[in-house]
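Read the structure below first, then the notes.
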Number of protein chains: 2
Amino acid sequence: MPERTVKSSGAPTLEAVAARAGVSRATVSRVVNNSPKVTDEVVALVNAAIDELGYVPNRVARSLASRRTQAIAVIVPETASKVFDDPFFASIVQGVALHLADTEYTLSLLMETETSSSKTRRYLRGGNVDGALIVSHHVSDLSYTQLGASIPMVFAGRPLIAEEGEGYYVDVDNVEGARLATQHLIDLGHRRIATIAGRTDMPGGHDRLAGWRRAMADAGLDDSLVVNGDFSPASGAECMRRLIALDEPVDAVFAANDQMAVGAYSALRTAGLRVPDDVSVVGFDNDRYAATASPPLTTVNQSPEEMGMAMAETLVRLIDGDETVPHASMMPLELVVRESTAPRTS
Amino acid sequence: MPERTVKSSGAPTLEAVAARAGVSRATVSRVVNNSPKVTDEVVALVNAAIDELGYVPNRVARSLASRRTQAIAVIVPETASKVFDDPFFASIVQGVALHLADTEYTLSLLMETETSSSKTRRYLRGGNVDGALIVSHHVSDLSYTQLGASIPMVFAGRPLIAEEGEGYYVDVDNVEGARLATQHLIDLGHRRIATIAGRTDMPGGHDRLAGWRRAMADAGLDDSLVVNGDFSPASGAECMRRLIALDEPVDAVFAANDQMAVGAYSALRTAGLRVPDDVSVVGFDNDRYAATASPPLTTVNQSPEEMGMAMAETLVRLIDGDETVPHASMMPLELVVRESTAPRTS
DNA sequence: GTGAAAGCGCTAACAC
DNA sequence: GTGTTAGCGCTTTCAC
């Protein structure tokens with residue numbers, strides 16, 4: 001008969017519960033995982049023992065045995081210091097956490113710094129998580145897409161490299177959103193409508209420019225008034241200055257995000273121009289700045305929080321082996337009209 | 001001789017590496033954990049095998065065997081939807097992630113919702129993490145403090161219940177910061193100085209009010225001009241309205257955080273009063289709103305990001321068994337003078 | 001329905 | 001220095 005050393009240290013184990021309840025470890029395990037095939041009385045017995053002992057299952061052991069970690073990674077491959085400067089990221093993460101709170105999954109937040117990229121990859125391959133969420137404004141990194149084969153992952157925004165029906169992502173219809181915004185300006189009677197474009201090497205920047213172009217073309221207007229920014233407030237101001245310097249003034253401006261729109265505000269103010277009296281301005285994102293700007297900014301709302309929730313939901317379904325998950329999920333988009341736009345006066 | 005079923009599925013294991021290198025599993029383990037007592041040639045041999053096989057250690061198995069998870073939890077026990085509305089939280093989380101990026105630790109983000117509190121506690125006790133960071137503006141929950149005995153934890157801000165020399169926390173000297181801010185107003189010649197206090201049932205709110213009181217008392221000024229807000233912009237506006245309604249107008253206002261200061265701005269604007277011409281305003285936190293408000297807000301800078309880094313550092317040292325870790329770490333605080341304060345004119 | 005036994009992939013004594 | 005041998009705490013066939 002093999003000796004069994006009595007364990008005195010640490011938290012109560014499944015074995016202790018089994019002994020207390022007078023059943024086998026397997027049965028306790030079944031109860032903990034609510035297996036249907038256990039007698040009600042045994043269930044009661046085991047649960048009593050669990051309560052008395054204050055037993056809490058050890059997830060690490062469970063993971064090792066079941067080969068599931070019940071954890072997902074959220075990877076933010078931006079330069080670390082910029083991540084939370086943009087409310088967009090924070091809101092996505094919040095949405096993810098919110099959805100996960102209703103599940104048994106746990107969230108691991110990985111911030112990818114310049115030097116940690118291989119560390120991140122090892123982490124994903126080291127069996128630490130059941131899946132990953134990639135959040136970025138930038139062109140999605142190819143290296144992640146490759147990992148997609150070995151571990152389920154969902155991207156925020158269409159990865160540029162994704163072939164049709166390949167990879168999973170949640171996105172907004174940026175083209176349509178930009179078209180909506182521009183059409184609003186057109187409906188107000190504006191004709192010389194410029195756009196402060198974002199980085200067009202990012203899907204969002206690219207598509208928003210395309211949306212503006214489409215609206216302008218559909219209305220038979222000149223679509224040459226394009227200045228290129230990089231999504232930062234500073235670039236928005238700089239672009240606006242270039243627009244102001246034009247011989248013929250513009251009636252209205254569509255900025256590819258709110259931060260650039262706010263940057264444009266300051267350039268306009270400096271030039272002595274008023275919003276919306278002299279120039280109407282529309283942004284995109286409806287971020288934290290939009291509502292509190294003065295005047296409050298008309299913009300396109302894209303609810304990054306809902307996007308985060310949708311991403312988490314998609315990933316969890318993927319992990320659970322759901323075959324019906326759509327590769328692309330489009331989030332609703334809507335124009336929020338505030339005080340930065342007004343009918344053409346002149 | 002026991003049968004050994006050949007494994008074909010999944011990632012390469014330590015055992016596969018051992019076979020490839022012609023050594024035992026223990027030796028591979030030693031190499032992976034850079035144990036000093038392994039011959040250089042064996043190290044080279046093993047590393048070669050690791051590279052060839054693309055071996056990545058399974059952290060779950062490692063955790064189970066070593067009883068360390070190499071993960072820490074960040075718990076944000078705020079109402080979920082409020083968490084990231086306050087840049088303070090986001091910045092702390094960022095600081096934590098930043099520090100952890102240089103270590104082998106991983107970050108688990110737990111957002112505590114009304115219904116998830118027991119889930120969180122189970123998580124902490126289920127051997128999921130080596131330690132926890134509790135981030136909150138609120139009075140720290142007693143129940144966490146109790147857990148502190150079984151798992152290392154560090155609080156953001158002094159837990160109200162902490163006895164001297166009990167528990168670990170990183171904090172700013174709120175009393176001193178508020179005193180600095182108020183003294184600045186006094187130095188500018190203001191005499192009727194009000195304070196829009198935060199929730200005084202939170203350590204921060206309590207101490208900032210105390211700091212204002214001290215500065216006023218030291219200068220022999222009337223310290224009865226107190227209105228109580230709740231740290232939200234709306235409450236800041238409401239408080240300011242009450243101040244404006246006073247018979248004798250105030251010269252200056254010290255708000256217990258920037259969000260309330262910005263709320264005060266709007267109330268002042270609505271009343272036709274100008275900042276700083278009619279009323280000087282000082283905030284606290286130097287959050288995202290402060291620099292971009294108009295006029296830019298004079299405030300007390302407390303760098304939540306550095307606070308997050310300090311928290312992470314403290315926790316890691318605690319986990320590593322460092323006995324010299326101080327129970328309280330105070331972060332530097334400094335007055336940032338912008339355009340919302342000006343010498344008294346009248 | 002319940003129990004016995006065999007691992008999950010790794011670390012950690014302990015021998016050699 | 002390196003190999004052997006036990007587990008870490010749980011899940012999961014497979015008999016009964």
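FYI, nothing fancy with the structure tokens labels: chains A, B, ... in order, residues from 1 per chain, ligands from 1 as they appear.
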Taking only C-alpha atoms (C1' of nucleotides) into account, report as a PyMOL selection string which residues of chain A lie within 6 Å of chain D. chain A and resi 61-62+65-66
Residues of chain A within 10 Å of chain C, counting only C-alpha atoms (C1' of nucleotides), what are they? List them as a list in words. Val23, Ser24, Arg25, Ala26, Thr27, Pro36, Lys37, Val38, Thr39, Val42, Ala61, Arg62, Ser63, Leu64, Ala65, Ser66 and Arg67 of chain A
Write the selection just made, keeping N, CA and C atoms, as a PDB file, in the first residue's frame?
ATOM      1  N   VAL A  23     -17.050  10.662  -1.661  1.00  0.00           N
ATOM      2  CA  VAL A  23     -17.196  10.235  -3.055  1.00  0.00           C
ATOM      3  C   VAL A  23     -15.816  10.276  -3.711  1.00  0.00           C
ATOM      4  N   SER A  24     -15.761   9.937  -4.991  1.00  0.00           N
ATOM      5  CA  SER A  24     -14.476   9.963  -5.677  1.00  0.00           C
ATOM      6  C   SER A  24     -14.182  11.352  -6.237  1.00  0.00           C
ATOM      7  N   ARG A  25     -12.936  11.544  -6.564  1.00  0.00           N
ATOM      8  CA  ARG A  25     -12.549  12.836  -7.131  1.00  0.00           C
ATOM      9  C   ARG A  25     -13.292  13.074  -8.443  1.00  0.00           C
ATOM     10  N   ALA A  26     -13.460  12.037  -9.194  1.00  0.00           N
ATOM     11  CA  ALA A  26     -14.146  12.181 -10.477  1.00  0.00           C
ATOM     12  C   ALA A  26     -15.537  12.768 -10.289  1.00  0.00           C
ATOM     13  N   THR A  27     -16.206  12.290  -9.270  1.00  0.00           N
ATOM     14  CA  THR A  27     -17.560  12.790  -9.030  1.00  0.00           C
ATOM     15  C   THR A  27     -17.550  14.269  -8.653  1.00  0.00           C
ATOM     16  N   PRO A  36     -24.480  16.532 -16.186  1.00  0.00           N
ATOM     17  CA  PRO A  36     -25.885  16.172 -15.943  1.00  0.00           C
ATOM     18  C   PRO A  36     -26.025  14.827 -15.232  1.00  0.00           C
ATOM     19  N   LYS A  37     -25.102  13.940 -15.446  1.00  0.00           N
ATOM     20  CA  LYS A  37     -25.254  12.587 -14.921  1.00  0.00           C
ATOM     21  C   LYS A  37     -24.717  12.378 -13.503  1.00  0.00           C
ATOM     22  N   VAL A  38     -25.254  13.134 -12.582  1.00  0.00           N
ATOM     23  CA  VAL A  38     -24.928  12.934 -11.175  1.00  0.00           C
ATOM     24  C   VAL A  38     -26.233  13.046 -10.393  1.00  0.00           C
ATOM     25  N   THR A  39     -26.435  12.123  -9.475  1.00  0.00           N
ATOM     26  CA  THR A  39     -27.664  12.145  -8.669  1.00  0.00           C
ATOM     27  C   THR A  39     -27.792  13.463  -7.914  1.00  0.00           C
ATOM     28  N   VAL A  42     -26.251  13.363  -4.468  1.00  0.00           N
ATOM     29  CA  VAL A  42     -24.793  13.415  -4.473  1.00  0.00           C
ATOM     30  C   VAL A  42     -24.331  14.844  -4.734  1.00  0.00           C
ATOM     31  N   ALA A  61      -4.549  23.938 -12.903  1.00  0.00           N
ATOM     32  CA  ALA A  61      -4.617  22.481 -13.031  1.00  0.00           C
ATOM     33  C   ALA A  61      -5.712  22.104 -14.021  1.00  0.00           C
ATOM     34  N   ARG A  62      -6.806  22.789 -13.919  1.00  0.00           N
ATOM     35  CA  ARG A  62      -7.908  22.504 -14.817  1.00  0.00           C
ATOM     36  C   ARG A  62      -7.491  22.739 -16.271  1.00  0.00           C
ATOM     37  N   SER A  63      -6.773  23.816 -16.474  1.00  0.00           N
ATOM     38  CA  SER A  63      -6.320  24.136 -17.826  1.00  0.00           C
ATOM     39  C   SER A  63      -5.409  23.049 -18.366  1.00  0.00           C
ATOM     40  N   LEU A  64      -4.499  22.624 -17.528  1.00  0.00           N
ATOM     41  CA  LEU A  64      -3.537  21.629 -17.985  1.00  0.00           C
ATOM     42  C   LEU A  64      -4.251  20.337 -18.380  1.00  0.00           C
ATOM     43  N   ALA A  65      -5.192  19.948 -17.579  1.00  0.00           N
ATOM     44  CA  ALA A  65      -5.895  18.696 -17.851  1.00  0.00           C
ATOM     45  C   ALA A  65      -6.861  18.818 -19.026  1.00  0.00           C
ATOM     46  N   SER A  66      -7.529  19.928 -19.095  1.00  0.00           N
ATOM     47  CA  SER A  66      -8.570  20.067 -20.125  1.00  0.00           C
ATOM     48  C   SER A  66      -8.044  20.686 -21.411  1.00  0.00           C
ATOM     49  N   ARG A  67      -6.852  21.188 -21.339  1.00  0.00           N
ATOM     50  CA  ARG A  67      -6.248  21.867 -22.486  1.00  0.00           C
ATOM     51  C   ARG A  67      -7.028  23.084 -22.952  1.00  0.00           C
TER      52      ARG A  67
END
Select, as an NGL selection string, those residues of chain A with any atom no more than 8 Å from chain B (distances computed using only C-alpha atoms). :A and (56-61 or 63-64 or 80-81 or 83-84 or 90-91 or 94 or 97-98 or 101 or 106-113 or 116 or 122 or 125-128)
Selected residues, N, CA and C atoms, written as a CSV table (one decimal), in the first residue's frame, please.
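Dumped to result39.csv:
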chain,number,residue,atom,x,y,z
A,56,VAL,N,-12.1,26.2,-3.9
A,56,VAL,CA,-12.1,26.9,-5.2
A,56,VAL,C,-11.3,26.1,-6.1
A,57,PRO,N,-11.8,25.7,-7.3
A,57,PRO,CA,-11.0,24.9,-8.2
A,57,PRO,C,-9.8,25.7,-8.7
A,58,ASN,N,-8.7,25.0,-8.8
A,58,ASN,CA,-7.5,25.6,-9.3
A,58,ASN,C,-7.5,25.6,-10.9
A,59,ARG,N,-7.6,26.8,-11.4
A,59,ARG,CA,-7.7,26.9,-12.8
A,59,ARG,C,-6.5,26.4,-13.6
A,60,VAL,N,-5.4,26.6,-13.0
A,60,VAL,CA,-4.2,26.2,-13.7
A,60,VAL,C,-4.2,24.6,-14.0
A,61,ALA,N,-4.5,23.9,-12.9
A,61,ALA,CA,-4.6,22.5,-13.0
A,61,ALA,C,-5.7,22.1,-14.0
A,63,SER,N,-6.8,23.8,-16.5
A,63,SER,CA,-6.3,24.1,-17.8
A,63,SER,C,-5.4,23.0,-18.4
A,64,LEU,N,-4.5,22.6,-17.5
A,64,LEU,CA,-3.5,21.6,-18.0
A,64,LEU,C,-4.3,20.3,-18.4
A,80,ALA,N,3.4,51.9,-27.0
A,80,ALA,CA,2.8,51.8,-25.7
A,80,ALA,C,2.3,53.2,-25.2
A,81,SER,N,3.0,54.2,-25.3
A,81,SER,CA,2.6,55.5,-24.8
A,81,SER,C,1.4,56.1,-25.5
A,83,VAL,N,-1.2,54.2,-26.7
A,83,VAL,CA,-2.4,53.4,-26.6
A,83,VAL,C,-3.6,54.0,-26.0
A,84,PHE,N,-3.5,54.6,-24.8
A,84,PHE,CA,-4.6,55.1,-24.2
A,84,PHE,C,-4.8,56.6,-24.4
A,90,ALA,N,-9.3,52.5,-25.4
A,90,ALA,CA,-9.8,52.2,-24.1
A,90,ALA,C,-11.2,51.7,-24.2
A,91,SER,N,-12.0,52.3,-25.1
A,91,SER,CA,-13.4,51.8,-25.2
A,91,SER,C,-13.5,50.4,-25.7
A,94,GLN,N,-12.7,48.1,-23.0
A,94,GLN,CA,-13.8,48.1,-22.0
A,94,GLN,C,-14.9,47.2,-22.5
A,97,ALA,N,-14.0,43.6,-22.0
A,97,ALA,CA,-14.1,43.2,-20.6
A,97,ALA,C,-15.5,43.1,-20.2
A,98,LEU,N,-16.3,43.9,-20.7
A,98,LEU,CA,-17.7,43.9,-20.4
A,98,LEU,C,-18.4,42.6,-20.8
A,101,ALA,N,-17.2,39.6,-18.9
A,101,ALA,CA,-17.6,39.5,-17.5
A,101,ALA,C,-18.8,38.5,-17.4
A,106,THR,N,-11.4,35.0,-19.1
A,106,THR,CA,-10.5,36.0,-18.4
A,106,THR,C,-9.8,36.8,-19.5
A,107,LEU,N,-9.4,38.0,-19.2
A,107,LEU,CA,-8.8,38.8,-20.2
A,107,LEU,C,-7.3,39.1,-19.8
A,108,SER,N,-6.4,38.8,-20.8
A,108,SER,CA,-5.0,39.2,-20.6
A,108,SER,C,-4.7,40.3,-21.5
A,109,LEU,N,-4.2,41.4,-20.9
A,109,LEU,CA,-3.9,42.5,-21.8
A,109,LEU,C,-2.4,42.6,-22.1
A,110,LEU,N,-2.1,42.5,-23.4
A,110,LEU,CA,-0.7,42.6,-23.8
A,110,LEU,C,-0.5,43.8,-24.6
A,111,MET,N,0.4,44.7,-24.1
A,111,MET,CA,0.8,45.9,-24.8
A,111,MET,C,2.1,45.6,-25.5
A,112,GLU,N,2.0,45.7,-26.8
A,112,GLU,CA,3.2,45.3,-27.5
A,112,GLU,C,4.1,46.5,-27.7
A,113,THR,N,5.3,46.5,-27.1
A,113,THR,CA,6.3,47.5,-27.3
A,113,THR,C,7.2,47.1,-28.4
A,116,SER,N,9.0,43.9,-27.6
A,116,SER,CA,8.3,42.7,-26.9
A,116,SER,C,7.6,41.9,-27.9
A,122,ARG,N,5.5,34.4,-28.5
A,122,ARG,CA,5.7,33.2,-27.6
A,122,ARG,C,4.5,33.0,-26.7
A,125,ARG,N,1.7,31.4,-28.4
A,125,ARG,CA,2.0,30.0,-28.8
A,125,ARG,C,2.2,29.1,-27.6
A,126,GLY,N,2.4,29.7,-26.4
A,126,GLY,CA,2.8,28.9,-25.2
A,126,GLY,C,1.6,28.4,-24.5
A,127,GLY,N,0.4,28.3,-25.2
A,127,GLY,CA,-0.7,27.8,-24.5
A,127,GLY,C,-1.3,28.6,-23.4
A,128,ASN,N,-1.1,29.9,-23.5
A,128,ASN,CA,-1.6,30.7,-22.4
A,128,ASN,C,-3.0,31.1,-22.5
Check range 136-319 of chain B with DSSP on the backbone and list each residue it calls helix (DSSP H, G or I), as a ChimeraX atom specification. /B:142-147,174-187,203-218,233-244,258-270,288-292,304-319
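Coordinates place CA of Ala217 in chain A at a distance of 25.9 Å from CA of Glu339 in chain A.
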Mind checking which residues fall within 8 Å of Thr314 in chain A, counting only C-alpha atoms (C1' of nucleotides), ignoring those fewer than 3 positions away in the same chain, and posting them as a PyMOL selection string? chain A and resi 154+310-311+317-318+325
Output C-alpha atoms for every residue in that selection, as a CSV table (one decimal), in the first residue's frame.
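Final output, again-v3.csv:
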chain,number,residue,atom,x,y,z
A,154,VAL,CA,-10.3,38.3,-34.2
A,310,ALA,CA,-18.7,42.1,-30.7
A,311,MET,CA,-15.1,41.1,-31.0
A,317,ARG,CA,-17.9,31.5,-30.4
A,318,LEU,CA,-14.9,30.7,-32.5
A,325,VAL,CA,-19.4,32.7,-37.2
Taking 4 positions as the minimum chain separation for residues in the same chain, which residues sit within 9 Å of Val281 in chain A when counting only C-alpha atoms (C1' of nucleotides)? Answer as a VMD selection string. chain A and resid 185 252 to 255 261 264 to 265 275 to 276 297 to 299 340 to 341
Keeping only C-alpha atoms, write the selected residues to a file as an mmCIF file, in the first residue's frame.
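Just written: out.cif:
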data_model
loop_
_atom_site.group_PDB
_atom_site.id
_atom_site.type_symbol
_atom_site.label_atom_id
_atom_site.label_comp_id
_atom_site.auth_asym_id
_atom_site.auth_seq_id
_atom_site.Cartn_x
_atom_site.Cartn_y
_atom_site.Cartn_z
ATOM 1 C CA LEU A 185 -22.705 68.661 -45.567
ATOM 2 C CA ALA A 252 -17.079 72.845 -45.040
ATOM 3 C CA VAL A 253 -14.616 70.191 -43.948
ATOM 4 C CA PHE A 254 -14.932 66.479 -43.324
ATOM 5 C CA ALA A 255 -12.138 65.246 -41.044
ATOM 6 C CA ALA A 261 -11.469 67.869 -36.435
ATOM 7 C CA ALA A 264 -8.932 71.986 -37.285
ATOM 8 C CA TYR A 265 -11.011 73.953 -34.778
ATOM 9 C CA VAL A 275 -17.541 77.169 -36.663
ATOM 10 C CA PRO A 276 -20.102 76.649 -38.056
ATOM 11 C CA LEU A 297 -18.880 68.356 -33.046
ATOM 12 C CA THR A 298 -21.116 66.757 -35.612
ATOM 13 C CA THR A 299 -19.599 63.366 -36.208
ATOM 14 C CA SER A 340 -20.483 72.295 -35.773
ATOM 15 C CA THR A 341 -22.518 72.114 -38.936
#
